[in-house]
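Chemist: Contents of upload-v7.cif (mmCIF, C-alpha atoms):
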```
data_query
loop_
_atom_site.label_atom_id
_atom_site.label_comp_id
_atom_site.auth_asym_id
_atom_site.auth_seq_id
_atom_site.Cartn_x
_atom_site.Cartn_y
_atom_site.Cartn_z
CA THR N 112 133.86 71.86 117.38
CA ALA N 113 136.53 69.54 118.71
CA GLY N 114 133.93 66.81 119.11
CA LEU N 115 132.69 67.31 115.55
CA ILE N 116 136.25 67.06 114.24
CA GLU N 117 136.69 63.76 116.07
CA VAL N 118 133.54 62.42 114.44
CA PHE N 119 134.83 63.40 110.99
CA LYS N 120 138.21 61.85 111.68
CA ASN N 121 136.61 58.58 112.71
CA VAL N 122 134.39 58.52 109.64
CA LEU N 123 137.11 59.50 107.17
CA GLY N 124 139.90 57.35 108.57
CA SER N 125 143.38 58.22 109.72
CA ASP N 126 144.74 59.63 106.44
CA ALA N 127 141.89 61.87 105.25
CA GLY N 128 140.87 62.65 108.82
CA GLU N 129 144.09 64.55 109.44
CA TRP N 130 143.02 67.14 106.84
CA VAL N 131 139.73 68.08 108.52
CA TYR N 132 139.86 71.76 109.58
CA TYR N 133 143.40 71.97 108.21
CA GLY N 134 144.14 75.53 109.28
CA ALA N 135 140.51 76.60 109.00
CA THR N 136 138.49 78.00 111.88
CA VAL N 137 134.88 77.38 112.79
CA GLN N 138 134.06 80.87 111.57
CA ASP N 139 135.64 80.20 108.17
CA ILE N 140 133.22 77.35 107.67
CA ALA N 141 130.23 79.14 109.18
CA ASP N 142 130.80 82.31 107.17
CA THR N 143 131.18 80.29 103.98
CA TRP N 144 127.90 78.49 104.48
CA THR N 145 126.34 81.85 105.37
CA GLY N 146 127.55 83.14 102.01
CA MET N 147 125.92 80.13 100.36
CA VAL N 148 122.73 80.76 102.33
CA MET N 149 122.66 84.39 101.21
CA ARG N 150 123.11 83.23 97.62
CA ASP N 151 120.42 80.56 97.79
CA VAL N 152 117.90 82.62 99.77
CA GLY N 153 118.61 85.52 97.44
CA GLY N 154 117.68 83.27 94.54
CA ILE N 155 114.41 82.33 96.21
CA ALA N 156 113.76 85.99 96.92
CA LEU N 157 114.33 86.98 93.30
CA ARG N 158 112.04 84.21 92.09
CA ASP N 159 109.14 85.29 94.31
CA LEU N 160 109.75 89.01 93.85
CA ARG N 161 109.53 88.52 90.10
CA ARG N 162 106.35 86.47 90.48
CA ALA N 163 104.80 89.24 92.54
CA GLU N 164 106.08 91.93 90.18
CA ASP N 165 104.56 90.16 87.18
CA SER N 166 101.18 90.01 88.91
CA LEU N 167 101.30 93.64 90.00
CA LEU N 168 102.30 94.81 86.53
CA GLY N 169 99.31 92.91 85.20
CA LEU N 170 97.02 94.57 87.75
CA ALA N 171 98.49 97.97 86.95
CA GLU N 172 97.86 97.47 83.25
CA SER N 173 94.37 96.02 83.53
CA HIS N 174 93.24 98.68 86.04
CA ARG N 175 95.07 101.60 84.43
CA ASP N 176 91.75 103.44 84.06
CA THR N 177 89.88 102.07 87.11
CA VAL N 178 89.19 105.25 89.06
CA MET N 179 89.04 105.06 92.84
CA VAL N 180 89.40 107.28 95.89
CA GLY N 181 92.98 108.14 96.79
CA ARG N 182 93.39 108.46 100.53
CA THR N 183 95.78 110.51 102.66
CA HIS N 184 95.98 110.30 106.45
CA GLY N 185 93.28 107.63 106.25
CA GLN N 186 90.77 110.04 104.68
CA PRO N 187 89.54 110.61 101.11
CA GLY N 188 91.93 112.84 99.17
CA LEU N 189 91.90 112.93 95.36
CA PRO N 190 90.95 110.41 92.67
CA ILE N 191 93.59 107.94 91.51
CA THR N 192 93.36 104.68 89.59
CA PHE N 193 93.88 101.27 91.09
CA GLY N 194 96.41 100.66 88.35
CA PHE N 195 98.42 103.59 89.72
CA LYS N 196 98.39 102.03 93.20
CA ALA N 197 99.52 98.66 91.83
CA ALA N 198 102.24 100.34 89.74
CA VAL N 199 103.68 102.02 92.84
CA TRP N 200 103.88 98.60 94.51
CA ALA N 201 105.45 97.01 91.43
CA ALA N 202 108.09 99.73 91.13
CA GLU N 203 109.06 99.22 94.76
CA LEU N 204 109.49 95.49 94.19
CA ARG N 205 111.63 96.23 91.13
CA ARG N 206 113.94 98.34 93.30
CA HIS N 207 114.27 95.42 95.70
CA ILE N 208 115.14 93.14 92.78
CA ASN N 209 117.82 95.63 91.77
CA ARG N 210 119.13 95.75 95.34
CA LEU N 211 119.47 91.97 95.50
CA THR N 212 121.13 91.64 92.11
CA GLY N 213 123.38 94.60 92.78
CA ALA N 214 124.47 93.19 96.13
CA ALA N 215 125.23 89.70 94.81
CA GLY N 216 128.92 90.37 94.23
CA ARG N 217 129.29 91.58 97.81
CA LEU N 218 127.07 89.06 99.58
CA HIS N 219 127.88 85.79 97.80
CA ALA N 220 131.34 85.47 99.32
CA GLY N 221 133.10 82.67 101.14
CA GLN N 222 135.91 82.81 103.64
CA LEU N 223 139.07 80.83 104.37
CA ALA N 224 141.11 83.27 106.40
CA GLY N 225 142.36 81.33 109.41
CA ALA N 226 142.70 82.34 113.02
CA VAL N 227 143.02 86.13 112.73
CA GLY N 228 142.22 86.58 109.04
CA THR N 229 145.76 86.58 107.62
CA GLY N 230 145.77 82.98 106.37
CA SER N 231 149.08 82.47 108.16
CA PHE N 232 148.66 78.69 108.48
CA TRP N 233 148.86 78.24 104.69
CA GLY N 234 151.69 80.70 104.13
CA ALA N 235 152.19 82.12 100.65
CA ASP N 236 149.49 79.84 99.22
CA ALA N 237 146.72 81.29 101.41
CA LEU N 238 145.11 83.67 98.92
CA GLU N 239 145.19 81.24 96.00
CA LEU N 240 143.79 78.52 98.24
CA GLN N 241 140.93 80.78 99.30
CA ARG N 242 140.16 81.70 95.68
CA ASP N 243 140.03 78.05 94.64
CA PHE N 244 138.00 77.10 97.73
CA CYS N 245 135.41 79.78 97.05
CA ALA N 246 135.27 79.07 93.31
CA ARG N 247 134.51 75.40 93.94
CA LEU N 248 131.47 76.51 95.93
CA GLY N 249 130.33 79.08 93.38
CA LEU N 250 131.23 81.96 95.70
CA ALA N 251 133.38 85.04 95.32
CA ALA N 252 136.65 85.29 97.23
CA PRO N 253 136.49 88.28 99.59
CA GLU N 254 138.88 91.16 99.03
CA SER N 255 139.65 91.07 102.77
CA PRO N 256 138.58 88.86 105.67
CA TRP N 257 135.16 89.54 107.14
CA LEU N 258 135.62 87.81 110.49
CA THR N 259 134.67 91.05 112.24
CA ALA N 260 133.40 92.97 109.20
CA ARG N 261 129.75 91.98 109.37
CA ASP N 262 128.42 94.50 106.88
CA ARG N 263 127.49 91.64 104.54
CA ILE N 264 125.10 90.22 107.12
CA ALA N 265 123.70 93.65 107.90
CA GLU N 266 123.15 94.43 104.22
CA PHE N 267 121.52 91.07 103.54
CA THR N 268 119.11 91.21 106.48
CA GLY N 269 118.48 94.88 105.75
CA ILE N 270 117.38 94.05 102.22
CA LEU N 271 115.18 91.23 103.53
CA ALA N 272 113.68 93.65 106.04
CA MET N 273 112.87 96.13 103.28
CA VAL N 274 111.40 93.44 101.04
CA THR N 275 109.18 92.01 103.78
CA SER N 276 108.16 95.51 104.88
CA THR N 277 106.99 96.25 101.34
CA PHE N 278 104.89 93.11 101.34
CA ALA N 279 103.60 94.04 104.80
CA LYS N 280 102.59 97.45 103.44
CA ILE N 281 100.74 95.82 100.55
CA GLY N 282 99.11 93.39 102.96
CA ASN N 283 98.09 96.21 105.27
CA GLU N 284 96.52 98.07 102.34
CA VAL N 285 94.58 94.97 101.33
CA TYR N 286 93.59 94.42 104.97
CA ASN N 287 92.11 97.92 105.17
CA LEU N 288 90.58 98.13 101.71
CA SER N 289 88.87 94.76 102.25
CA ARG N 290 86.92 96.01 105.27
CA PRO N 291 83.20 95.63 104.41
CA GLU N 292 82.64 99.37 104.76
CA ILE N 293 85.23 99.93 101.98
CA GLY N 294 85.21 96.61 100.12
CA GLU N 295 87.39 97.61 97.17
CA VAL N 296 89.72 94.60 97.15
CA ARG N 297 89.80 91.25 98.88
CA GLU N 298 91.91 88.16 99.21
CA SER N 299 90.66 85.26 97.13
CA PHE N 300 88.57 82.75 99.04
CA ARG N 301 88.51 78.97 98.75
CA ASP N 302 85.52 76.99 99.94
CA GLY N 303 86.34 75.17 103.16
CA VAL N 304 88.72 77.79 104.57
CA VAL N 305 87.62 78.54 108.14
CA GLY N 306 88.05 82.12 109.33
CA SER N 307 86.92 81.58 112.91
CA ILE N 308 86.00 78.61 115.08
CA THR N 309 83.44 80.76 116.94
CA MET N 310 82.13 83.02 114.13
CA PRO N 311 81.49 80.78 111.12
CA HIS N 312 80.67 83.68 108.78
CA LYS N 313 84.19 85.16 108.90
CA ARG N 314 86.42 85.47 105.84
CA ASN N 315 89.56 86.91 107.36
CA PRO N 316 92.45 88.47 105.37
CA GLU N 317 94.85 85.82 106.65
CA ILE N 318 97.67 86.38 104.16
CA SER N 319 97.64 90.11 104.75
CA GLU N 320 97.97 89.53 108.49
CA HIS N 321 100.79 87.03 108.01
CA LEU N 322 102.74 89.56 105.96
CA GLY N 323 102.67 92.03 108.82
CA THR N 324 103.78 89.43 111.37
CA LEU N 325 106.65 88.12 109.26
CA ALA N 326 107.98 91.60 108.49
CA ARG N 327 108.20 92.38 112.20
CA LEU N 328 110.36 89.30 112.73
CA VAL N 329 112.71 90.21 109.89
CA ARG N 330 113.02 93.84 110.98
CA SER N 331 114.04 92.66 114.45
CA ALA N 332 116.71 90.47 112.83
CA ALA N 333 117.98 93.45 110.84
CA ALA N 334 118.38 95.40 114.07
CA LEU N 335 120.44 92.55 115.54
CA ALA N 336 122.57 92.47 112.40
CA LEU N 337 123.42 96.13 112.85
CA GLU N 338 124.32 95.45 116.47
CA GLY N 339 126.59 92.66 115.23
CA MET N 340 128.67 95.10 113.19
CA VAL N 341 130.30 96.28 116.42
CA ASN N 342 133.08 93.76 117.14
CA GLU N 343 136.30 93.54 119.10
CA HIS N 344 139.73 93.05 117.56
CA GLU N 345 140.17 90.33 114.89
CA ARG N 346 137.48 87.89 116.03
CA ASP N 347 134.58 88.26 118.43
CA GLY N 348 132.30 85.35 119.22
CA ALA N 349 129.87 87.38 121.33
CA ALA N 350 128.64 89.39 118.35
CA TRP N 351 129.07 86.71 115.69
CA LYS N 352 127.15 83.97 117.48
CA THR N 353 123.94 86.00 117.53
CA GLU N 354 123.83 85.35 113.78
CA TRP N 355 123.28 81.67 114.49
CA ALA N 356 119.85 82.61 115.83
CA PHE N 357 118.67 85.54 113.73
CA VAL N 358 119.99 84.67 110.26
CA PRO N 359 118.01 81.40 109.97
CA GLU N 360 114.91 83.04 111.44
CA ALA N 361 115.18 86.00 109.07
CA CYS N 362 115.64 83.71 106.07
CA MET N 363 112.67 81.51 106.94
CA ALA N 364 110.39 84.44 107.75
CA ALA N 365 111.43 86.32 104.61
CA ALA N 366 110.94 83.27 102.39
CA ALA N 367 107.45 82.78 103.83
CA SER N 368 106.66 86.46 103.38
CA MET N 369 107.72 86.52 99.75
CA SER N 370 105.79 83.36 98.98
CA PHE N 371 102.67 84.77 100.61
CA GLY N 372 103.22 88.13 98.91
CA ALA N 373 103.47 86.56 95.48
CA GLU N 374 100.33 84.54 96.19
CA LEU N 375 98.43 87.64 97.32
CA ALA N 376 99.49 89.68 94.29
CA GLY N 377 98.54 86.86 91.95
CA SER N 378 95.08 86.21 93.38
CA LEU N 379 93.90 89.64 94.53
CA GLU N 380 90.26 90.35 93.71
CA VAL N 381 89.48 93.93 92.66
CA ASP N 382 85.93 95.31 92.89
CA SER N 383 85.88 98.20 90.42
CA GLU N 384 82.15 98.78 90.95
CA ARG N 385 82.70 99.30 94.66
CA MET N 386 85.54 101.69 93.90
CA ALA N 387 83.21 103.73 91.70
CA ALA N 388 80.48 103.67 94.36
CA ASN N 389 82.88 104.82 97.08
CA LEU N 390 84.01 107.66 94.84
CA GLU N 391 80.41 108.66 94.22
CA ASN N 392 79.69 108.58 97.96
CA GLN N 393 82.20 111.36 98.53
CA GLU N 394 79.61 113.81 97.13
CA GLY N 395 82.28 115.37 94.95
CA TYR N 396 84.49 116.70 97.76
CA VAL N 397 87.49 114.75 96.46
CA MET N 398 87.43 117.28 93.61
CA SER N 399 88.38 120.30 95.72
CA GLU N 400 91.89 120.55 94.25
CA PRO N 401 90.73 121.11 90.64
CA VAL N 402 88.56 124.00 91.84
CA LEU N 403 91.51 125.44 93.77
CA ARG N 404 93.70 125.03 90.71
CA ALA N 405 91.18 126.88 88.53
CA LEU N 406 90.77 129.78 90.97
CA ALA N 407 94.43 130.19 91.89
CA PRO N 408 95.49 132.14 88.75
CA ARG N 409 92.48 134.44 89.15
CA LEU N 410 92.45 135.11 92.88
CA GLY N 411 95.95 134.12 93.93
CA LYS N 412 96.68 130.68 95.35
CA HIS N 413 96.26 131.50 99.03
CA SER N 414 93.15 133.59 98.52
CA ALA N 415 91.72 130.82 96.35
CA HIS N 416 92.45 128.30 99.10
CA GLU N 417 90.53 130.44 101.57
CA VAL N 418 87.53 130.56 99.24
CA VAL N 419 87.53 126.82 98.48
CA TYR N 420 88.11 125.93 102.13
CA GLY N 421 85.18 128.10 103.18
CA ALA N 422 82.89 126.55 100.58
CA ALA N 423 83.94 123.04 101.58
CA MET N 424 83.47 123.54 105.31
CA ALA N 425 80.07 125.18 104.79
CA GLY N 426 78.98 122.41 102.46
CA ILE N 427 80.06 119.61 104.78
CA GLU N 428 78.35 121.21 107.78
CA GLY N 429 75.22 121.84 105.73
CA ARG N 430 75.23 118.29 104.30
CA GLN N 431 75.39 119.61 100.75
CA SER N 432 77.08 118.03 97.78
CA TRP N 433 80.28 119.70 96.64
CA ARG N 434 78.54 120.94 93.50
CA SER N 435 75.79 122.55 95.58
CA ALA N 436 78.27 124.03 98.03
CA LEU N 437 80.18 125.67 95.19
CA ALA N 438 77.00 126.98 93.58
CA SER N 439 76.02 128.52 96.93
CA ASP N 440 79.23 130.54 97.22
CA SER N 441 79.12 133.80 95.30
CA ARG N 442 82.91 134.09 95.38
CA VAL N 443 83.09 130.87 93.37
CA THR N 444 80.25 131.57 90.95
CA ALA N 445 81.70 135.00 90.23
CA GLU N 446 84.71 133.28 88.69
CA LEU N 447 83.44 129.90 87.45
CA GLY N 448 80.38 129.21 85.32
CA ASP N 449 78.23 126.08 85.41
CA GLY N 450 79.95 124.46 82.46
CA GLU N 451 83.41 125.04 83.87
CA LEU N 452 82.35 123.70 87.27
CA ASP N 453 80.93 120.56 85.69
CA GLU N 454 84.19 120.00 83.87
CA LEU N 455 86.25 120.60 87.02
CA LEU N 456 84.20 118.05 88.98
CA ASP N 457 84.80 115.17 86.55
CA PRO N 458 87.10 112.67 88.36
CA ALA N 459 88.55 111.43 85.07
CA GLY N 460 90.04 114.86 84.52
CA ALA N 461 91.73 114.99 87.92
CA LEU N 462 94.05 112.01 87.62
CA GLY N 463 97.17 113.99 86.84
CA CYS N 464 99.83 111.73 85.32
CA ALA N 465 98.45 108.54 86.90
CA ARG N 466 97.93 106.76 83.59
CA GLU N 467 101.28 107.85 82.18
CA LEU N 468 103.03 106.66 85.34
CA VAL N 469 101.34 103.27 85.01
CA ASP N 470 102.52 102.98 81.42
CA SER N 471 106.06 103.95 82.40
CA VAL N 472 106.29 101.46 85.27
CA VAL N 473 104.83 98.61 83.21
CA SER N 474 107.16 99.31 80.29
CA ALA N 475 110.26 99.61 82.48
CA GLY N 476 109.41 96.53 84.51
CA ARG N 477 108.90 94.34 81.48
CA ALA N 478 112.02 95.65 79.79
CA ALA N 479 114.03 94.81 82.91
CA ARG N 480 112.56 91.31 82.94
CA ALA N 481 113.56 90.78 79.32
CA VAL N 482 117.15 91.72 80.17
CA GLU N 483 117.12 89.35 83.14
CA GLU N 484 115.82 86.48 81.04
CA ARG N 485 118.62 86.92 78.52
CA GLU N 486 121.27 87.11 81.24
CA LEU N 487 119.84 84.06 82.99
CA ALA N 488 120.00 82.08 79.75
CA ARG N 489 123.64 83.08 79.35
CA VAL N 490 124.50 81.99 82.90
CA VAL N 491 122.70 78.66 82.48
CA GLU N 492 124.66 78.03 79.29
CA ARG N 493 127.91 78.79 81.10
CA GLU N 494 126.99 76.48 83.97
CA ARG N 495 126.53 73.62 81.52
CA ALA N 496 130.15 73.92 80.45
CA PRO N 497 132.01 71.17 82.37
CA GLY N 498 134.78 71.71 84.88
CA ASN N 499 135.00 75.48 85.17
CA GLU N 500 133.78 76.39 88.64
CA ARG N 501 135.60 79.71 88.73
CA GLU N 502 133.96 80.82 85.48
CA ARG N 503 130.63 79.62 86.85
CA ALA N 504 130.92 81.86 89.91
CA ARG N 505 132.06 84.79 87.77
CA GLY N 506 129.12 84.31 85.42
CA ILE N 507 126.59 84.54 88.23
CA ASP N 508 128.05 87.83 89.40
CA GLU N 509 128.26 89.17 85.84
CA ALA N 510 124.61 88.38 85.25
CA ALA N 511 123.66 90.23 88.41
CA ALA N 512 125.78 93.23 87.45
CA SER N 513 124.41 93.33 83.90
CA SER N 514 120.85 93.15 85.18
CA GLU N 515 121.45 96.03 87.58
CA ALA N 516 123.17 98.16 84.94
CA ALA N 517 120.32 97.69 82.51
CA GLN N 518 117.91 99.20 85.01
#
```
Turn this file's structure into structure tokens for me.

Modeler:
Amino acid sequence: TAGLIEVFKNVLGSDAGEWVYYGATVQDIADTWTGMVMRDVGGIALRDLRRAEDSLLGLAESHRDTVMVGRTHGQPGLPITFGFKAAVWAAELRRHINRLTGAAGRLHAGQLAGAVGTGSFWGADALELQRDFCARLGLAAPESPWLTARDRIAEFTGILAMVTSTFAKIGNEVYNLSRPEIGEVRESFRDGVVGSITMPHKRNPEISEHLGTLARLVRSAAALALEGMVNEHERDGAAWKTEWAFVPEACMAAAASMSFGAELAGSLEVDSERMAANLENQEGYVMSEPVLRALAPRLGKHSAHEVVYGAAMAGIEGRQSWRSALASDSRVTAELGDGELDELLDPAGALGCARELVDSVVSAGRAARAVEERELARVVERERAPGNERERARGIDEAAASSEAAQ
């Protein structure tokens, strides 16, 4: 630091050079640029999260009625729609958007606190100086020094870890559903992309893999950020200096993840015919719950489960369809006629509230976006007003707060 100050002094000349680091510490400067980084990276994150959300809301809407196999523990469970799956992803991204906007007032803070955080070098002018300093940079002035209060860093990297983990989850789902034996979705393919230098036929889910890798890096940074919350006294370089390594890495990895995630969401190919074929290949066994539901009021839930379980196990072992297995069990046919069984085995009638949930998520997501667009327009208008940096910083935080409150 001393060497850097000498360089500045030589460049600025004897008069201005005397004011370099005038009472400020290295950590004041580093924490302030970290606040600016959190603001700028947060802006990139919001941009790409909204891009991905838009695409997922579109998928949810267009595939609201596209029935597919829902899977639990890696095995076929009950029917869902692909729109329902996409809506769950979109709602999770919306919560991350809310987290980022809600945290803006806490994270986008500067610091000019001096050696131990009291601003003693500047005397009675310290707090006003810090407010003006932060306002000029479009940052909030902290309510207290954060030289050893590293919760801002932990919160920021924690949010990035959650965001990238969501994209990793989406990527992992695409990775698995694009296996040829399932084949329900796939990453878009461009001619000339090489999947393997030894197996020319390969079309690998590269983006999906990248999302998993990047999330691991950001989660490791979040763990270091939590470690960094444990400090000694009023300043502690041992904990603070780890941020020099993991904050840039987390930001770069998260930015790449969100860019890839938005690209994947916007170009995902959905094979609805394969979804229907995979559902048909289950021989009707994914419709065991409707039969259980129909028998429960008549036999009692647990007795009904015993009956349906017995029919299912016998049918699977005997390589029968679910309809045949049910017809072969006198305990079932004593309660349910052919017409009722046919109705119970229709996948379209076993979707629960899937369609309604899609509609709710799409409506809420688009309403939230409309609020954000209005608030953004208001902030841009305020920024155009000349010479009012403090109002500019306040407007950014107000827009974030209004967006969060609306949701």

Chemist: Near Gly426 in chain N, counting only C-alpha atoms, which residues have an atom at most 10 Å away, once you skip same-chain residues fewer than 3 positions from it, shown as a list in words?

Modeler: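 Skipping anything fewer than 3 positions along the chain leaves Tyr396, Tyr420, Gly421, Ala422, Ala423, Gly429, Arg430, Gln431, Ser432, Trp433, Arg434, Ser435, Ala436, Leu437, Ser439 and Asp440 of chain N.
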
Chemist: If you keep C-alpha atoms, can you produce a file of those selected residues as a tab-separated table (two decimals), keeping the file's coordinate frame?

Modeler:
```
chain	number	residue	atom	x	y	z
N	396	TYR	CA	84.49	116.70	97.76
N	420	TYR	CA	88.11	125.93	102.13
N	421	GLY	CA	85.18	128.10	103.18
N	422	ALA	CA	82.89	126.55	100.58
N	423	ALA	CA	83.94	123.04	101.58
N	429	GLY	CA	75.22	121.84	105.73
N	430	ARG	CA	75.23	118.29	104.30
N	431	GLN	CA	75.39	119.61	100.75
N	432	SER	CA	77.08	118.03	97.78
N	433	TRP	CA	80.28	119.70	96.64
N	434	ARG	CA	78.54	120.94	93.50
N	435	SER	CA	75.79	122.55	95.58
N	436	ALA	CA	78.27	124.03	98.03
N	437	LEU	CA	80.18	125.67	95.19
N	439	SER	CA	76.02	128.52	96.93
N	440	ASP	CA	79.23	130.54	97.22
```

Chemist: Calculate how many Å separate CA of Cys362 in chain N from CA of Phe267 in chain N, rounding to one decimal.

Modeler: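 Atom-to-atom, CA of Cys362 in chain N to CA of Phe267 in chain N, that is 9.8 Å.
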
Chemist: Just the residues within 12 Å of Trp144 in chain N, please, counting all atoms listed in the file, with nothing from its chain fewer than 6 positions along; format it as a PyMOL selection string.

Modeler: chain N and resi 137-138+150-152+218-223+245+248-250+355+358-359

Chemist: Could you dump the residues just selected with C-alpha atoms as a PDB file, in the coordinates of the input?

Modeler:
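Written output follows (selection.pdb):
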```pdb
ATOM      1  CA  VAL N 137     134.880  77.380 112.790  1.00  0.00           C
ATOM      2  CA  GLN N 138     134.060  80.870 111.570  1.00  0.00           C
ATOM      3  CA  ARG N 150     123.110  83.230  97.620  1.00  0.00           C
ATOM      4  CA  ASP N 151     120.420  80.560  97.790  1.00  0.00           C
ATOM      5  CA  VAL N 152     117.900  82.620  99.770  1.00  0.00           C
ATOM      6  CA  LEU N 218     127.070  89.060  99.580  1.00  0.00           C
ATOM      7  CA  HIS N 219     127.880  85.790  97.800  1.00  0.00           C
ATOM      8  CA  ALA N 220     131.340  85.470  99.320  1.00  0.00           C
ATOM      9  CA  GLY N 221     133.100  82.670 101.140  1.00  0.00           C
ATOM     10  CA  GLN N 222     135.910  82.810 103.640  1.00  0.00           C
ATOM     11  CA  LEU N 223     139.070  80.830 104.370  1.00  0.00           C
ATOM     12  CA  CYS N 245     135.410  79.780  97.050  1.00  0.00           C
ATOM     13  CA  LEU N 248     131.470  76.510  95.930  1.00  0.00           C
ATOM     14  CA  GLY N 249     130.330  79.080  93.380  1.00  0.00           C
ATOM     15  CA  LEU N 250     131.230  81.960  95.700  1.00  0.00           C
ATOM     16  CA  TRP N 355     123.280  81.670 114.490  1.00  0.00           C
ATOM     17  CA  VAL N 358     119.990  84.670 110.260  1.00  0.00           C
ATOM     18  CA  PRO N 359     118.010  81.400 109.970  1.00  0.00           C
TER      19      PRO N 359
END
```

Chemist: Distance CA of Gly339 in chain N-CA of Ala366 in chain N, one decimal place?

Modeler: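 If I compute the distance from CA of Gly339 in chain N to CA of Ala366 in chain N, I get 22.3 Å.
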
Chemist: So which residues touch range 377-387 of chain N within 7 Å, counting only C-alpha atoms, skipping near sequence neighbours fewer than 5 positions away, as a list in words?

Modeler: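 With the cut-off at 7 Å, the set is Ala163, Ser166, Thr177, Val178, Met179, Gly294, Glu295, Val296, Arg297, Glu298 and Ser299 of chain N.
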
Chemist: Find the distance between CA of Ala365 in chain N and CA of Thr353 in chain N and write it in Å to one decimal.

Modeler: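 Pair CA of Ala365 in chain N / CA of Thr353 in chain N returns 18.0 Å.
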
Chemist: Could you check which of N:Ala198, N:Ile191, N:Ala113, N:Ala127 is closest to Leu468 in chain N, using only C-alpha atoms?

Modeler: N:Ala198

Chemist: Which protein, DNA or RNA residues have an atom at most 7 Å from (86.0, 120.7, 95.9), counting all atoms listed in the file? List them as a PyMOL selection string.

Modeler: chain N and resi 395-400+402+419+423+433
